[in-house]
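Engineer: Next up, entry_38.cif (mmCIF, C-alpha atoms).
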data_work
loop_
_atom_site.label_atom_id
_atom_site.label_comp_id
_atom_site.auth_asym_id
_atom_site.auth_seq_id
_atom_site.Cartn_x
_atom_site.Cartn_y
_atom_site.Cartn_z
CA MET S 225 -81.73 -42.70 -25.96
CA LYS S 226 -83.28 -43.83 -29.24
CA MET S 227 -80.84 -43.69 -32.11
CA PRO S 228 -81.91 -42.65 -35.64
CA ALA S 229 -82.33 -45.19 -38.41
CA LEU S 230 -79.39 -45.97 -40.67
CA ARG S 231 -79.28 -44.08 -43.93
CA ILE S 232 -77.57 -46.93 -45.74
CA LYS S 233 -79.57 -50.16 -45.84
CA PRO S 234 -77.69 -53.18 -44.55
CA GLY S 235 -76.74 -55.77 -47.13
CA LYS S 236 -73.89 -57.03 -49.25
CA ALA S 237 -73.52 -53.65 -50.99
CA ALA S 238 -72.91 -51.87 -47.69
CA SER S 239 -69.89 -53.01 -45.70
CA GLN S 240 -69.78 -52.87 -41.92
CA GLY S 241 -67.56 -49.81 -42.17
CA ALA S 242 -69.91 -47.97 -44.54
CA ARG S 243 -72.90 -48.80 -42.37
CA ALA S 244 -71.08 -47.62 -39.24
CA LEU S 245 -70.15 -44.30 -40.84
CA ALA S 246 -73.68 -43.79 -42.14
CA PHE S 247 -75.08 -44.50 -38.69
CA LEU S 248 -72.66 -42.06 -37.08
CA ARG S 249 -73.49 -39.34 -39.62
CA ALA S 250 -77.15 -39.76 -38.69
CA ALA S 251 -76.54 -39.85 -34.94
CA GLY S 252 -73.73 -37.31 -34.62
CA VAL S 253 -72.51 -39.01 -31.43
CA ALA S 254 -72.93 -42.63 -30.43
CA ARG S 255 -71.88 -45.10 -27.77
CA SER S 256 -70.27 -48.44 -28.52
CA ARG S 257 -73.46 -50.17 -27.39
CA ASP S 258 -75.41 -48.15 -29.97
CA PHE S 259 -73.23 -49.54 -32.75
CA GLU S 260 -73.81 -53.05 -31.44
CA GLY S 261 -77.54 -52.36 -31.42
CA GLN S 262 -77.26 -51.70 -35.16
CA GLY S 263 -75.54 -55.05 -35.74
CA LEU S 264 -72.10 -53.47 -36.05
CA THR S 265 -69.10 -55.15 -34.47
CA ARG S 266 -66.58 -53.70 -32.04
CA ALA S 267 -63.83 -54.82 -34.41
CA THR S 268 -65.30 -52.59 -37.12
CA LEU S 269 -65.38 -49.66 -34.72
CA ARG S 270 -61.77 -50.24 -33.68
CA ARG S 271 -60.65 -50.29 -37.31
CA LEU S 272 -62.47 -47.03 -38.05
CA VAL S 273 -60.85 -45.35 -35.03
CA ALA S 274 -57.41 -46.66 -36.00
CA SER S 275 -57.82 -45.35 -39.54
CA GLY S 276 -58.93 -41.90 -38.33
CA ALA S 277 -62.37 -42.18 -39.93
CA VAL S 278 -64.00 -42.14 -36.48
CA GLU S 279 -62.86 -40.24 -33.40
CA GLN S 280 -63.23 -41.48 -29.83
CA ILE S 281 -64.06 -38.47 -27.65
CA GLY S 282 -64.71 -40.26 -24.38
CA ARG S 283 -65.02 -43.67 -22.79
CA GLY S 284 -67.19 -45.65 -25.21
CA LEU S 285 -68.23 -42.46 -27.03
CA TYR S 286 -67.58 -41.80 -30.73
CA THR S 287 -68.14 -39.18 -33.40
CA LEU S 288 -66.83 -38.17 -36.82
CA PRO S 289 -63.64 -36.04 -36.87
CA GLU S 290 -65.41 -33.12 -38.56
CA THR S 291 -68.14 -32.94 -35.93
CA ASP S 292 -67.77 -29.80 -33.80
CA LEU S 293 -69.61 -30.14 -30.49
CA GLY S 294 -67.98 -27.10 -28.89
CA GLU S 295 -68.24 -26.64 -25.15
CA LYS S 296 -71.38 -28.80 -25.03
CA GLN S 297 -69.31 -31.96 -25.53
CA THR S 298 -68.99 -32.54 -21.80
CA LEU S 299 -72.74 -32.05 -21.36
CA ILE S 300 -73.37 -34.60 -24.10
CA GLU S 301 -71.08 -37.12 -22.43
CA ALA S 302 -72.80 -36.55 -19.09
CA ALA S 303 -76.26 -36.91 -20.66
CA LEU S 304 -75.27 -40.22 -22.22
CA MET S 305 -73.85 -41.44 -18.90
CA VAL S 306 -76.99 -40.45 -16.98
CA PRO S 307 -79.92 -40.51 -19.44
CA ARG S 308 -82.51 -39.69 -16.74
CA GLY S 309 -80.40 -36.93 -15.20
CA ILE S 310 -81.14 -33.21 -15.54
CA ILE S 311 -78.43 -30.59 -16.04
CA CYS S 312 -78.72 -28.14 -13.15
CA LEU S 313 -77.16 -25.39 -11.03
CA LEU S 314 -73.79 -24.09 -12.33
CA SER S 315 -73.95 -26.16 -15.52
CA ALA S 316 -77.49 -24.96 -16.25
CA LEU S 317 -76.44 -21.36 -15.54
CA ARG S 318 -73.64 -21.74 -18.09
CA PHE S 319 -76.02 -23.34 -20.60
CA HIS S 320 -78.44 -20.41 -20.31
CA GLY S 321 -75.69 -17.76 -20.42
CA LEU S 322 -76.34 -16.66 -16.84
CA THR S 323 -72.73 -16.93 -15.71
CA THR S 324 -69.29 -16.45 -17.19
CA GLN S 325 -67.92 -19.26 -15.03
CA ASN S 326 -67.13 -22.56 -16.72
CA PRO S 327 -67.63 -25.24 -14.06
CA ARG S 328 -65.06 -28.01 -13.96
CA GLU S 329 -67.80 -30.54 -13.20
CA VAL S 330 -71.14 -31.20 -14.83
CA TRP S 331 -73.88 -30.59 -12.27
CA MET S 332 -76.62 -33.17 -12.62
CA ALA S 333 -79.88 -33.63 -10.72
CA VAL S 334 -81.23 -37.14 -10.16
CA GLY S 335 -83.95 -38.69 -8.04
CA HIS S 336 -83.28 -39.70 -4.44
CA LYS S 337 -83.36 -43.41 -5.33
CA ALA S 338 -81.35 -43.17 -8.55
CA ARG S 339 -77.96 -44.83 -8.73
CA SER S 340 -74.93 -42.59 -8.60
CA PRO S 341 -73.11 -42.34 -11.95
CA ALA S 342 -70.16 -44.69 -12.19
CA GLY S 343 -67.23 -44.58 -14.59
CA GLY S 344 -66.91 -42.23 -17.51
CA ASP S 345 -64.39 -39.50 -18.21
CA VAL S 346 -66.56 -36.54 -17.24
CA PRO S 347 -66.36 -35.32 -13.63
CA MET S 348 -69.86 -34.91 -12.23
CA ARG S 349 -71.47 -33.29 -9.23
CA VAL S 350 -74.77 -34.96 -8.40
CA VAL S 351 -77.59 -33.40 -6.39
CA ARG S 352 -80.72 -35.31 -5.41
CA LEU S 353 -84.26 -33.99 -5.70
CA SER S 354 -87.70 -35.53 -5.55
CA GLY S 355 -91.30 -34.89 -6.59
CA ARG S 356 -92.09 -31.56 -8.26
CA SER S 357 -88.70 -30.19 -7.30
CA LEU S 358 -87.12 -32.84 -9.53
CA MET S 359 -89.46 -32.69 -12.52
CA ALA S 360 -90.62 -29.05 -12.67
CA GLY S 361 -88.93 -26.80 -15.22
CA VAL S 362 -87.27 -29.56 -17.23
CA ARG S 363 -86.74 -28.60 -20.88
CA GLU S 364 -85.28 -30.72 -23.66
CA HIS S 365 -82.69 -29.29 -26.03
CA ARG S 366 -81.21 -30.68 -29.22
CA VAL S 367 -77.51 -30.14 -29.84
CA PRO S 368 -76.25 -29.05 -33.29
CA GLY S 369 -74.04 -31.80 -34.64
CA ALA S 370 -75.54 -34.47 -32.37
CA PRO S 371 -79.19 -34.95 -33.41
CA ALA S 372 -79.50 -38.21 -31.50
CA VAL S 373 -78.71 -36.55 -28.17
CA THR S 374 -81.25 -34.72 -26.05
CA LEU S 375 -80.02 -32.55 -23.20
CA ARG S 376 -82.45 -32.25 -20.30
CA VAL S 377 -81.84 -28.89 -18.62
CA TYR S 378 -83.78 -26.94 -16.01
CA ASP S 379 -85.19 -23.70 -17.40
CA PRO S 380 -83.77 -20.38 -16.16
CA ALA S 381 -86.40 -19.78 -13.45
CA LYS S 382 -85.97 -23.25 -11.94
CA THR S 383 -82.19 -22.94 -12.18
CA VAL S 384 -82.25 -19.69 -10.19
CA ALA S 385 -84.53 -21.22 -7.56
CA ASP S 386 -82.23 -24.24 -7.32
CA CYS S 387 -79.25 -21.94 -6.73
CA PHE S 388 -81.04 -20.53 -3.68
CA LYS S 389 -82.06 -24.01 -2.55
CA PHE S 390 -78.48 -25.26 -2.83
CA ARG S 391 -76.79 -22.00 -1.88
CA HIS S 392 -74.60 -23.95 0.56
CA LEU S 393 -73.11 -25.70 -2.48
CA VAL S 394 -72.90 -22.93 -5.08
CA GLY S 395 -72.66 -19.88 -2.82
CA HIS S 396 -75.22 -17.22 -1.90
CA ASP S 397 -73.46 -14.67 -4.10
CA VAL S 398 -73.84 -16.97 -7.12
CA ALA S 399 -77.57 -17.30 -6.45
CA LEU S 400 -77.99 -13.52 -6.24
CA GLU S 401 -75.98 -12.94 -9.42
CA ALA S 402 -78.03 -15.57 -11.23
CA LEU S 403 -81.27 -13.87 -10.16
CA ARG S 404 -80.10 -10.43 -11.28
CA ASP S 405 -78.78 -11.71 -14.62
CA CYS S 406 -81.94 -13.72 -15.24
CA ARG S 407 -84.08 -10.60 -14.88
CA ARG S 408 -81.63 -8.32 -16.71
CA GLN S 409 -81.53 -10.70 -19.68
CA ARG S 410 -85.28 -11.34 -19.45
CA LYS S 411 -84.77 -15.08 -19.32
CA ALA S 412 -87.72 -15.48 -16.92
CA THR S 413 -90.65 -13.42 -15.68
CA MET S 414 -91.27 -12.53 -12.06
CA ASP S 415 -94.20 -14.95 -12.03
CA GLN S 416 -92.02 -17.78 -13.33
CA LEU S 417 -89.33 -17.07 -10.74
CA TRP S 418 -91.90 -16.93 -7.94
CA ALA S 419 -93.52 -20.20 -9.06
CA ALA S 420 -90.15 -21.96 -9.17
CA ALA S 421 -89.23 -20.58 -5.75
CA LYS S 422 -92.43 -22.01 -4.26
CA ILE S 423 -91.76 -25.42 -5.80
CA ASP S 424 -88.25 -25.41 -4.28
CA ARG S 425 -89.62 -24.07 -0.97
CA VAL S 426 -87.36 -21.01 -1.01
CA ALA S 427 -90.12 -18.44 -1.54
CA ASN S 428 -89.54 -16.69 1.80
CA LEU S 429 -85.81 -16.56 1.13
CA ILE S 430 -86.08 -15.16 -2.38
CA ARG S 431 -89.00 -12.76 -1.73
CA PRO S 432 -86.96 -9.70 -0.62
CA TYR S 433 -84.61 -10.06 -3.60
CA LEU S 434 -87.51 -10.33 -6.01
CA GLU S 435 -89.11 -7.24 -4.49
CA ALA S 436 -85.82 -5.36 -4.77
CA ILE S 437 -85.49 -5.98 -8.52
CA ALA S 438 -89.20 -5.74 -9.39
#
What's the structure tokens form of this structure?

Structural biologist:
Amino acid sequence: MKMPALRIKPGKAASQGARALAFLRAAGVARSRDFEGQGLTRATLRRLVASGAVEQIGRGLYTLPETDLGEKQTLIEAALMVPRGIICLLSALRFHGLTTQNPREVWMAVGHKARSPAGGDVPMRVVRLSGRSLMAGVREHRVPGAPAVTLRVYDPAKTVADCFKFRHLVGHDVALEALRDCRRQRKATMDQLWAAAKIDRVANLIRPYLEAIA
């Protein structure tokens, strides 16, 4: 994740604390390693946290007290833990407003050879995909209050197809509800749903349901 440039130029006139706060205002959310990449010390960060000027919201994750990340905070933490991961299944349904459920874990898709996430305060459920099934339908979203963070999320059509592909994990009823809500809310066209189903190799499974709601 590339962090934005500081808005206060380093130098004698700008203390470590002032530079750290300026950096955090520009980034919204940052990891301890990001501060170090800006030439800022861990001691400075500890002092800012102790004084209440900076808030630690997760392991090695910091923001300003006035920053309101809402329910996307856990997604931000997960995205920073797994920069190449893609938010999927129940978490993607929640992101797109296709379910009222609030999953306790962040569902994240990674490649078959990717390392499993380690550490962190956010519980994660990892599924492994490859080829077009991994990369198709990925969309990038900016989060208000955290301009330095990009959330990679499958689009609604791919999310619905994934729910059918992983119905043994999320439940067949969840997949059906996601399909109905996706069409009712016009989050995806029939063509988009059919294309995603073919990529996930669930076209034969989803065909009768698509025909029923066409």

Engineer: Ala333 (chain S): which residues within 9 Å, counting only C-alpha atoms, same-chain residues fewer than 3 positions away excluded, as a VMD selection string?

Structural biologist: chain S and resid 308 to 313 349 to 353 358

Engineer: What gap, in Å, lies between CA of Pro380 (chain S) and CA of Leu314 (chain S)?

Structural biologist: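 CA of Leu314 (chain S) lies 11.3 Å from CA of Pro380 (chain S).
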
Engineer: Skip Leu429 (chain S) itself and residues of its chain fewer than 6 positions away, then list as an MDAnalysis selection string all residues within 10 Å of it, counting only C-alpha atoms.

Structural biologist: chainID S and resid 385 388:389 421

Engineer: Between S:Val362, S:Ala370, S:Leu393, S:Leu264, which has the minimum distance to Ala250 (chain S) (counting all atoms listed in the file)?

Structural biologist: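 Of the candidates, the smallest distance to Ala250 (chain S) is held by S:Ala370.
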
Engineer: For each of S:Met305, S:Ala360, S:Leu248, S:Met348, take the minimum atom-to-atom distance to Ala372 (chain S), counting only C-alpha atoms, then give the residue where this is smallest.

Structural biologist: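 Smallest distance to Ala372 (chain S) is found for S:Leu248.
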
Engineer: Name every residue that the PyMOL selection byres ((chain S and resi 272-284) around 8) selects in this structure, writing the answer as number ranges by chain with chains first and numbers rising.

Structural biologist: S: 241, 245, 255-256, 268-271, 285-289, 301, 344-345

Engineer: Quick one: everything within 12 Å of Pro432 (chain S), counting all atoms listed in the file, minus sequence neighbours fewer than 5 positions away in the same chain. Send it as an MDAnalysis selection string.

Structural biologist: chainID S and resid 400 403 418 426:427 437:438

Engineer: If we count all atoms listed in the file, what is near Arg249 (chain S) at a cut-off of 10 Å, once residues fewer than 3 positions away on the same chain are taken out, given as a list in words?

Structural biologist: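 Counting all atoms listed in the file, the residues come to Pro228, Leu230, Arg231, Arg243, Ala244, Leu245, Ala246, Gly252, Val253, Ala254, Thr287, Leu288, Thr291, Gly369, Ala370 and Pro371 of chain S.
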
Engineer: Extract, using all atoms listed in the file, all DNA, RNA and protein residues at most 12 Å from Asn326 (chain S), discarding same-chain residues fewer than 4 positions from it, and format them as a count of residues only.

Structural biologist: 15

Engineer: Please compute the CA of Glu364 (chain S)-CA of Asp386 (chain S) distance, one decimal, in Å.

Structural biologist: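 Straight-line distance from CA of Glu364 (chain S) to CA of Asp386 (chain S) works out to 17.8 Å.
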
Engineer: Just give me the gap between CA of His396 (chain S) and CA of Ala338 (chain S) in Å, one decimal is fine.

Structural biologist: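 These two atoms are separated by 27.5 Å.
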